[in-house]
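Have a look at run20.txt; it's compact mmCIF, C-alpha atoms:
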```txt
# COMPACT_ATOMS: atom_id res chain seq x y z
CA MET A 1 4.92 72.76 66.89
CA ALA A 2 2.53 75.68 66.46
CA PRO A 3 4.01 79.17 66.61
CA GLU A 4 3.28 81.21 69.71
CA ASP A 5 0.47 83.74 69.51
CA PRO A 6 1.45 87.33 70.26
CA GLU A 7 0.59 88.87 73.57
CA PRO A 8 -3.18 89.31 74.14
CA SER A 9 -3.16 93.11 73.65
CA VAL A 10 -1.77 92.72 70.10
CA ARG A 11 -4.20 89.92 69.33
CA THR A 12 -7.24 91.90 70.52
CA ARG A 13 -6.27 94.88 68.35
CA THR A 14 -5.58 92.80 65.23
CA VAL A 15 -8.64 90.55 65.23
CA PRO A 16 -11.34 93.28 64.98
CA ALA A 17 -9.40 95.02 62.20
CA LEU A 18 -9.03 91.71 60.40
CA TRP A 19 -12.75 90.96 60.62
CA TRP A 20 -13.64 94.47 59.44
CA ALA A 21 -11.33 93.92 56.48
CA CYS A 22 -13.09 90.61 55.76
CA ALA A 23 -16.49 92.31 55.94
CA ALA A 24 -15.28 94.98 53.49
CA TYR A 25 -13.89 92.26 51.22
CA THR A 26 -17.20 90.36 51.24
CA TRP A 27 -19.10 93.60 50.60
CA ALA A 28 -16.82 94.34 47.61
CA ARG A 29 -17.38 90.81 46.32
CA LEU A 30 -21.16 91.29 46.59
CA LEU A 31 -21.06 94.65 44.82
CA LEU A 32 -18.97 93.26 41.98
CA ALA A 33 -21.23 90.23 41.60
CA VAL A 34 -24.50 92.18 41.44
CA SER A 35 -23.06 94.96 39.26
CA SER A 36 -24.17 93.14 36.12
CA PRO A 37 -27.00 90.69 35.45
CA ALA A 38 -26.78 86.99 36.16
CA ARG A 39 -25.67 84.88 33.22
CA THR A 40 -27.45 81.68 32.37
CA PHE A 41 -26.33 79.14 29.82
CA ALA A 42 -27.94 76.31 27.90
CA ASP A 43 -26.92 73.84 30.58
CA SER A 44 -27.99 76.05 33.53
CA ALA A 45 -31.41 74.37 33.39
CA SER A 46 -29.75 70.99 34.03
CA PHE A 47 -29.38 72.03 37.69
CA ASP A 48 -33.10 71.38 38.17
CA TRP A 49 -33.46 69.04 41.13
CA SER A 50 -36.66 67.08 41.41
CA GLY A 51 -35.58 64.26 43.68
CA TRP A 52 -32.72 61.91 44.45
CA GLY A 53 -30.99 60.70 41.31
CA SER A 54 -32.93 63.11 39.10
CA THR A 55 -29.99 65.28 38.09
CA VAL A 56 -26.70 64.64 36.38
CA ARG A 57 -25.26 67.73 38.07
CA PRO A 58 -23.66 67.92 41.52
CA LEU A 59 -26.25 67.35 44.23
CA LEU A 60 -25.67 70.37 46.51
CA PRO A 61 -25.68 73.07 43.79
CA SER A 62 -28.74 71.46 42.18
CA MET A 63 -30.69 71.51 45.45
CA LEU A 64 -29.47 75.02 46.29
CA PHE A 65 -30.27 76.50 42.89
CA ASP A 66 -33.71 74.87 42.90
CA ALA A 67 -34.46 76.27 46.38
CA LEU A 68 -33.25 79.76 45.51
CA GLY A 69 -35.18 80.11 42.29
CA PRO A 70 -34.35 83.19 40.21
CA PRO A 71 -30.81 83.68 38.86
CA ALA A 72 -30.38 86.93 40.84
CA ALA A 73 -30.77 85.00 44.12
CA ILE A 74 -28.25 82.41 42.94
CA VAL A 75 -25.74 85.17 42.15
CA LEU A 76 -26.24 86.68 45.60
CA VAL A 77 -25.63 83.34 47.34
CA ASN A 78 -22.62 82.58 45.10
CA ALA A 79 -21.11 85.94 46.09
CA LEU A 80 -21.85 85.45 49.82
CA VAL A 81 -20.36 81.95 49.87
CA ALA A 82 -17.34 83.17 47.89
CA GLY A 83 -16.90 86.18 50.17
CA GLY A 84 -17.08 84.00 53.27
CA THR A 85 -14.73 81.25 52.12
CA TRP A 86 -12.17 83.60 50.57
CA SER A 87 -12.29 85.76 53.73
CA TRP A 88 -11.58 82.66 55.79
CA LEU A 89 -8.64 81.90 53.51
CA LEU A 90 -7.34 85.48 53.88
CA VAL A 91 -7.61 85.24 57.70
CA GLU A 92 -5.77 81.93 57.77
CA LEU A 93 -3.05 83.27 55.46
CA TRP A 94 -2.65 86.28 57.75
CA ARG A 95 -2.39 84.11 60.84
CA THR A 96 -0.01 81.65 59.19
CA THR A 97 2.44 84.19 57.74
CA ARG A 98 2.28 86.78 60.55
CA PRO A 99 4.85 85.06 62.81
CA VAL A 100 7.35 84.87 59.93
CA SER A 101 7.16 88.50 58.83
CA ARG A 102 4.48 91.15 59.14
CA SER A 103 5.35 92.63 55.72
CA LEU A 104 5.14 89.17 54.12
CA SER A 105 1.79 88.67 55.79
CA VAL A 106 0.36 91.99 54.61
CA SER A 107 1.65 91.56 51.05
CA THR A 108 0.43 87.95 50.77
CA VAL A 109 -3.06 88.82 51.94
CA ALA A 110 -3.20 91.97 49.78
CA VAL A 111 -2.13 90.15 46.62
CA LEU A 112 -4.66 87.36 47.16
CA ALA A 113 -7.47 89.76 48.07
CA ILE A 114 -6.87 91.99 45.05
CA GLY A 115 -6.38 89.01 42.75
CA SER A 116 -9.57 87.32 43.92
CA LEU A 117 -11.51 90.54 43.27
CA SER A 118 -10.32 90.66 39.65
CA ALA A 119 -12.76 90.26 36.78
CA PRO A 120 -11.65 86.74 35.71
CA VAL A 121 -12.41 85.44 39.23
CA VAL A 122 -15.52 87.45 40.14
CA VAL A 123 -17.17 86.72 36.78
CA TRP A 124 -17.89 83.17 38.03
CA ASP A 125 -20.09 84.54 40.84
CA ARG A 126 -22.49 85.95 38.23
CA MET A 127 -22.97 82.66 36.41
CA VAL A 128 -25.69 80.15 37.16
CA LEU A 129 -23.22 77.27 37.18
CA SER A 130 -21.45 75.35 39.96
CA GLU A 131 -17.97 76.73 39.24
CA SER A 132 -18.25 79.59 41.75
CA LEU A 133 -19.15 77.14 44.51
CA ALA A 134 -16.32 74.83 43.43
CA TYR A 135 -13.75 77.64 43.62
CA SER A 136 -15.15 78.64 46.99
CA MET A 137 -14.78 75.08 48.27
CA VAL A 138 -11.15 75.02 47.09
CA ALA A 139 -10.52 78.24 49.05
CA ALA A 140 -12.17 76.63 52.09
CA ILE A 141 -10.03 73.49 51.75
CA VAL A 142 -6.83 75.56 51.61
CA ALA A 143 -7.99 77.63 54.62
CA ALA A 144 -8.78 74.48 56.61
CA LEU A 145 -5.39 73.00 55.70
CA LEU A 146 -3.58 76.20 56.76
CA ARG A 147 -5.49 76.22 60.04
CA PHE A 148 -4.58 72.60 60.69
CA LEU A 149 -0.91 73.17 59.81
CA ARG A 150 -0.76 76.29 61.99
CA THR A 151 -2.51 74.93 65.07
CA GLY A 152 -2.24 71.18 64.77
CA ARG A 153 -5.87 71.02 65.95
CA ARG A 154 -9.33 71.08 64.53
CA PRO A 155 -8.90 68.58 61.72
CA VAL A 156 -12.67 68.21 61.88
CA ALA A 157 -13.06 71.55 60.05
CA GLY A 158 -11.03 70.20 57.16
CA ALA A 159 -12.99 66.95 57.16
CA TRP A 160 -16.28 68.87 56.95
CA VAL A 161 -15.00 71.00 54.08
CA LEU A 162 -13.83 67.92 52.19
CA ALA A 163 -17.16 66.21 52.83
CA LEU A 164 -19.03 69.24 51.50
CA CYS A 165 -16.84 69.25 48.40
CA PHE A 166 -17.60 65.60 47.69
CA VAL A 167 -21.32 66.08 48.30
CA SER A 168 -21.43 69.21 46.16
CA GLY A 169 -19.41 67.58 43.41
CA ALA A 170 -16.95 70.44 43.38
CA GLY A 171 -14.64 70.03 40.49
CA SER A 172 -16.92 67.67 38.57
```
Any chance you could give the structure as structure tokens?
Amino acid sequence: MAPEDPEPSVRTRTVPALWWACAAYTWARLLLAVSSPARTFADSASFDWSGWGSTVRPLLPSMLFDALGPPAAIVLVNALVAGGTWSWLLVELWRTTRPVSRSLSVSTVAVLAIGSLSAPVVVWDRMVLSESLAYSMVAAIVAALLRFLRTGRRPVAGAWVLALCFVSGAGS
């Protein structure tokens, strides 16, 4: 059974603040990602997509990287996707833990937000590789699972995220 939502006045005050926090988080993720140049590696060129079956790399990143072109554009998209998916995860964590304890909710979200803005995590946004997208898809899967467990509805969101992960080859 899904926990009861608080009265509407509390919900209307919390949601705008939560979305502003997510916007600030995504902005911080963007600033950290573009603060140093994009890194390419010897195998970054293997993401070249010239048709179906032409790449040994995951399909979605190959098509995306080919469409975006320069490494700076790839870094920007990596950071935007990461900011969006990690923000979704932070929102779902907030909504899931809030009925248990407000202090638990705040501390859980703060620890994850600060941890996901740390150098070992953000460094992947600057690389022309599929790892940043893979980590973002994992965050999206966890967010979709939390949403499903909290509400008992919208399993379609989780199915779409899983489908995207398989198409993108996340984790391969």
Quiz item: From the set A:Val91, A:Met127, A:Leu68, A:Val75, which residue has the shortest atom-to-atom contact distance to Leu112 (chain A), counting all atoms listed in the file?
Solution: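 Of all the options, A:Val91 lies closest to Leu112 (chain A).
Among A:Thr85, A:Leu129, A:Arg150, A:Tyr135, the residue with the shortest atom-to-atom distance to Val100 (chain A), counting only C-alpha atoms, is A:Arg150.
Relative to CA of Ser130 (chain A), CA of Thr40 (chain A) is found at 11.6 Å.
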Practice problem: Work out how far CA of Ala72 (chain A) is from CA of Ala113 (chain A), in Å to one decimal. | Solution: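 We find that CA of Ala113 (chain A) and CA of Ala72 (chain A) lie 24.2 Å from each other.
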Quiz item: From the list A:Ala82, A:Leu31, A:Ser36, A:Ile74, which residue is nearest Ala134 (chain A) when using all atoms listed in the file?
Solution: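 Using all atoms listed in the file, Ala134 (chain A) sits closest to A:Ala82.
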Quiz item: Nearest to Val109 (chain A) among A:Trp27, A:Trp94, A:Trp86, A:Trp19, with distances taken over all atoms listed in the file: which residue is it?
Solution: A:Trp94
Practice problem: Find the distance between CA of Ala110 (chain A) and CA of Thr151 (chain A) and write it in Å to one decimal. | Solution: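 These atoms are spaced 22.9 Å apart.
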Would you fill the gaps in region 72-95 of chain A so it has N, CA, C and O atoms, then print it as a PDB file, keeping the file's coordinate frame?
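Okay, this is what ended up in selection22.pdb:
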```pdb
ATOM      1  N   ALA A  72     -30.927  85.856  39.995  1.00  0.00           N
ATOM      2  CA  ALA A  72     -30.380  86.930  40.840  1.00  0.00           C
ATOM      3  C   ALA A  72     -30.113  86.425  42.261  1.00  0.00           C
ATOM      4  O   ALA A  72     -29.114  86.799  42.885  1.00  0.00           O
ATOM      5  N   ALA A  73     -30.977  85.565  42.780  1.00  0.00           N
ATOM      6  CA  ALA A  73     -30.770  85.000  44.120  1.00  0.00           C
ATOM      7  C   ALA A  73     -29.573  84.055  44.124  1.00  0.00           C
ATOM      8  O   ALA A  73     -28.808  84.016  45.095  1.00  0.00           O
ATOM      9  N   ILE A  74     -29.389  83.325  43.049  1.00  0.00           N
ATOM     10  CA  ILE A  74     -28.250  82.410  42.940  1.00  0.00           C
ATOM     11  C   ILE A  74     -26.948  83.196  42.929  1.00  0.00           C
ATOM     12  O   ILE A  74     -25.970  82.836  43.593  1.00  0.00           O
ATOM     13  N   VAL A  75     -26.925  84.311  42.197  1.00  0.00           N
ATOM     14  CA  VAL A  75     -25.740  85.170  42.150  1.00  0.00           C
ATOM     15  C   VAL A  75     -25.420  85.717  43.535  1.00  0.00           C
ATOM     16  O   VAL A  75     -24.266  85.735  43.964  1.00  0.00           O
ATOM     17  N   LEU A  76     -26.435  86.138  44.253  1.00  0.00           N
ATOM     18  CA  LEU A  76     -26.240  86.680  45.600  1.00  0.00           C
ATOM     19  C   LEU A  76     -25.634  85.624  46.528  1.00  0.00           C
ATOM     20  O   LEU A  76     -24.678  85.902  47.257  1.00  0.00           O
ATOM     21  N   VAL A  77     -26.162  84.416  46.483  1.00  0.00           N
ATOM     22  CA  VAL A  77     -25.630  83.340  47.340  1.00  0.00           C
ATOM     23  C   VAL A  77     -24.225  82.957  46.898  1.00  0.00           C
ATOM     24  O   VAL A  77     -23.345  82.732  47.739  1.00  0.00           O
ATOM     25  N   ASN A  78     -23.974  82.867  45.589  1.00  0.00           N
ATOM     26  CA  ASN A  78     -22.620  82.580  45.100  1.00  0.00           C
ATOM     27  C   ASN A  78     -21.627  83.599  45.660  1.00  0.00           C
ATOM     28  O   ASN A  78     -20.542  83.241  46.120  1.00  0.00           O
ATOM     29  N   ALA A  79     -22.012  84.886  45.615  1.00  0.00           N
ATOM     30  CA  ALA A  79     -21.110  85.940  46.090  1.00  0.00           C
ATOM     31  C   ALA A  79     -20.925  85.867  47.609  1.00  0.00           C
ATOM     32  O   ALA A  79     -19.816  86.081  48.104  1.00  0.00           O
ATOM     33  N   LEU A  80     -21.975  85.567  48.354  1.00  0.00           N
ATOM     34  CA  LEU A  80     -21.850  85.450  49.820  1.00  0.00           C
ATOM     35  C   LEU A  80     -20.972  84.271  50.207  1.00  0.00           C
ATOM     36  O   LEU A  80     -20.116  84.390  51.093  1.00  0.00           O
ATOM     37  N   VAL A  81     -21.180  83.126  49.569  1.00  0.00           N
ATOM     38  CA  VAL A  81     -20.360  81.950  49.870  1.00  0.00           C
ATOM     39  C   VAL A  81     -18.907  82.233  49.491  1.00  0.00           C
ATOM     40  O   VAL A  81     -17.988  81.930  50.253  1.00  0.00           O
ATOM     41  N   ALA A  82     -18.698  82.832  48.319  1.00  0.00           N
ATOM     42  CA  ALA A  82     -17.340  83.170  47.890  1.00  0.00           C
ATOM     43  C   ALA A  82     -16.695  84.160  48.853  1.00  0.00           C
ATOM     44  O   ALA A  82     -15.537  83.987  49.252  1.00  0.00           O
ATOM     45  N   GLY A  83     -17.440  85.197  49.235  1.00  0.00           N
ATOM     46  CA  GLY A  83     -16.900  86.180  50.170  1.00  0.00           C
ATOM     47  C   GLY A  83     -16.518  85.545  51.501  1.00  0.00           C
ATOM     48  O   GLY A  83     -15.465  85.845  52.069  1.00  0.00           O
ATOM     49  N   GLY A  84     -17.361  84.666  51.993  1.00  0.00           N
ATOM     50  CA  GLY A  84     -17.080  84.000  53.270  1.00  0.00           C
ATOM     51  C   GLY A  84     -15.889  83.065  53.214  1.00  0.00           C
ATOM     52  O   GLY A  84     -15.009  83.104  54.080  1.00  0.00           O
ATOM     53  N   THR A  85     -15.827  82.223  52.187  1.00  0.00           N
ATOM     54  CA  THR A  85     -14.730  81.250  52.120  1.00  0.00           C
ATOM     55  C   THR A  85     -13.398  81.927  51.799  1.00  0.00           C
ATOM     56  O   THR A  85     -12.373  81.584  52.385  1.00  0.00           O
ATOM     57  N   TRP A  86     -13.412  82.897  50.887  1.00  0.00           N
ATOM     58  CA  TRP A  86     -12.170  83.600  50.570  1.00  0.00           C
ATOM     59  C   TRP A  86     -11.729  84.460  51.744  1.00  0.00           C
ATOM     60  O   TRP A  86     -10.531  84.618  51.980  1.00  0.00           O
ATOM     61  N   SER A  87     -12.667  85.012  52.517  1.00  0.00           N
ATOM     62  CA  SER A  87     -12.290  85.760  53.730  1.00  0.00           C
ATOM     63  C   SER A  87     -11.631  84.833  54.732  1.00  0.00           C
ATOM     64  O   SER A  87     -10.638  85.201  55.367  1.00  0.00           O
ATOM     65  N   TRP A  88     -12.184  83.638  54.886  1.00  0.00           N
ATOM     66  CA  TRP A  88     -11.580  82.660  55.790  1.00  0.00           C
ATOM     67  C   TRP A  88     -10.157  82.345  55.338  1.00  0.00           C
ATOM     68  O   TRP A  88      -9.231  82.291  56.155  1.00  0.00           O
ATOM     69  N   LEU A  89      -9.974  82.175  54.028  1.00  0.00           N
ATOM     70  CA  LEU A  89      -8.640  81.900  53.510  1.00  0.00           C
ATOM     71  C   LEU A  89      -7.692  83.083  53.792  1.00  0.00           C
ATOM     72  O   LEU A  89      -6.549  82.885  54.207  1.00  0.00           O
ATOM     73  N   LEU A  90      -8.179  84.302  53.606  1.00  0.00           N
ATOM     74  CA  LEU A  90      -7.340  85.480  53.880  1.00  0.00           C
ATOM     75  C   LEU A  90      -6.954  85.546  55.361  1.00  0.00           C
ATOM     76  O   LEU A  90      -5.808  85.858  55.698  1.00  0.00           O
ATOM     77  N   VAL A  91      -7.901  85.246  56.259  1.00  0.00           N
ATOM     78  CA  VAL A  91      -7.610  85.240  57.700  1.00  0.00           C
ATOM     79  C   VAL A  91      -6.567  84.182  58.027  1.00  0.00           C
ATOM     80  O   VAL A  91      -5.607  84.440  58.774  1.00  0.00           O
ATOM     81  N   GLU A  92      -6.733  82.995  57.474  1.00  0.00           N
ATOM     82  CA  GLU A  92      -5.770  81.930  57.770  1.00  0.00           C
ATOM     83  C   GLU A  92      -4.393  82.238  57.181  1.00  0.00           C
ATOM     84  O   GLU A  92      -3.374  81.928  57.795  1.00  0.00           O
ATOM     85  N   LEU A  93      -4.344  82.853  56.005  1.00  0.00           N
ATOM     86  CA  LEU A  93      -3.050  83.270  55.460  1.00  0.00           C
ATOM     87  C   LEU A  93      -2.388  84.305  56.357  1.00  0.00           C
ATOM     88  O   LEU A  93      -1.184  84.247  56.601  1.00  0.00           O
ATOM     89  N   TRP A  94      -3.181  85.249  56.843  1.00  0.00           N
ATOM     90  CA  TRP A  94      -2.650  86.280  57.750  1.00  0.00           C
ATOM     91  C   TRP A  94      -2.075  85.628  58.995  1.00  0.00           C
ATOM     92  O   TRP A  94      -0.958  85.921  59.414  1.00  0.00           O
ATOM     93  N   ARG A  95      -2.838  84.746  59.595  1.00  0.00           N
ATOM     94  CA  ARG A  95      -2.390  84.110  60.840  1.00  0.00           C
ATOM     95  C   ARG A  95      -1.201  83.194  60.632  1.00  0.00           C
ATOM     96  O   ARG A  95      -0.381  83.026  61.534  1.00  0.00           O
TER      97      ARG A  95
END
```
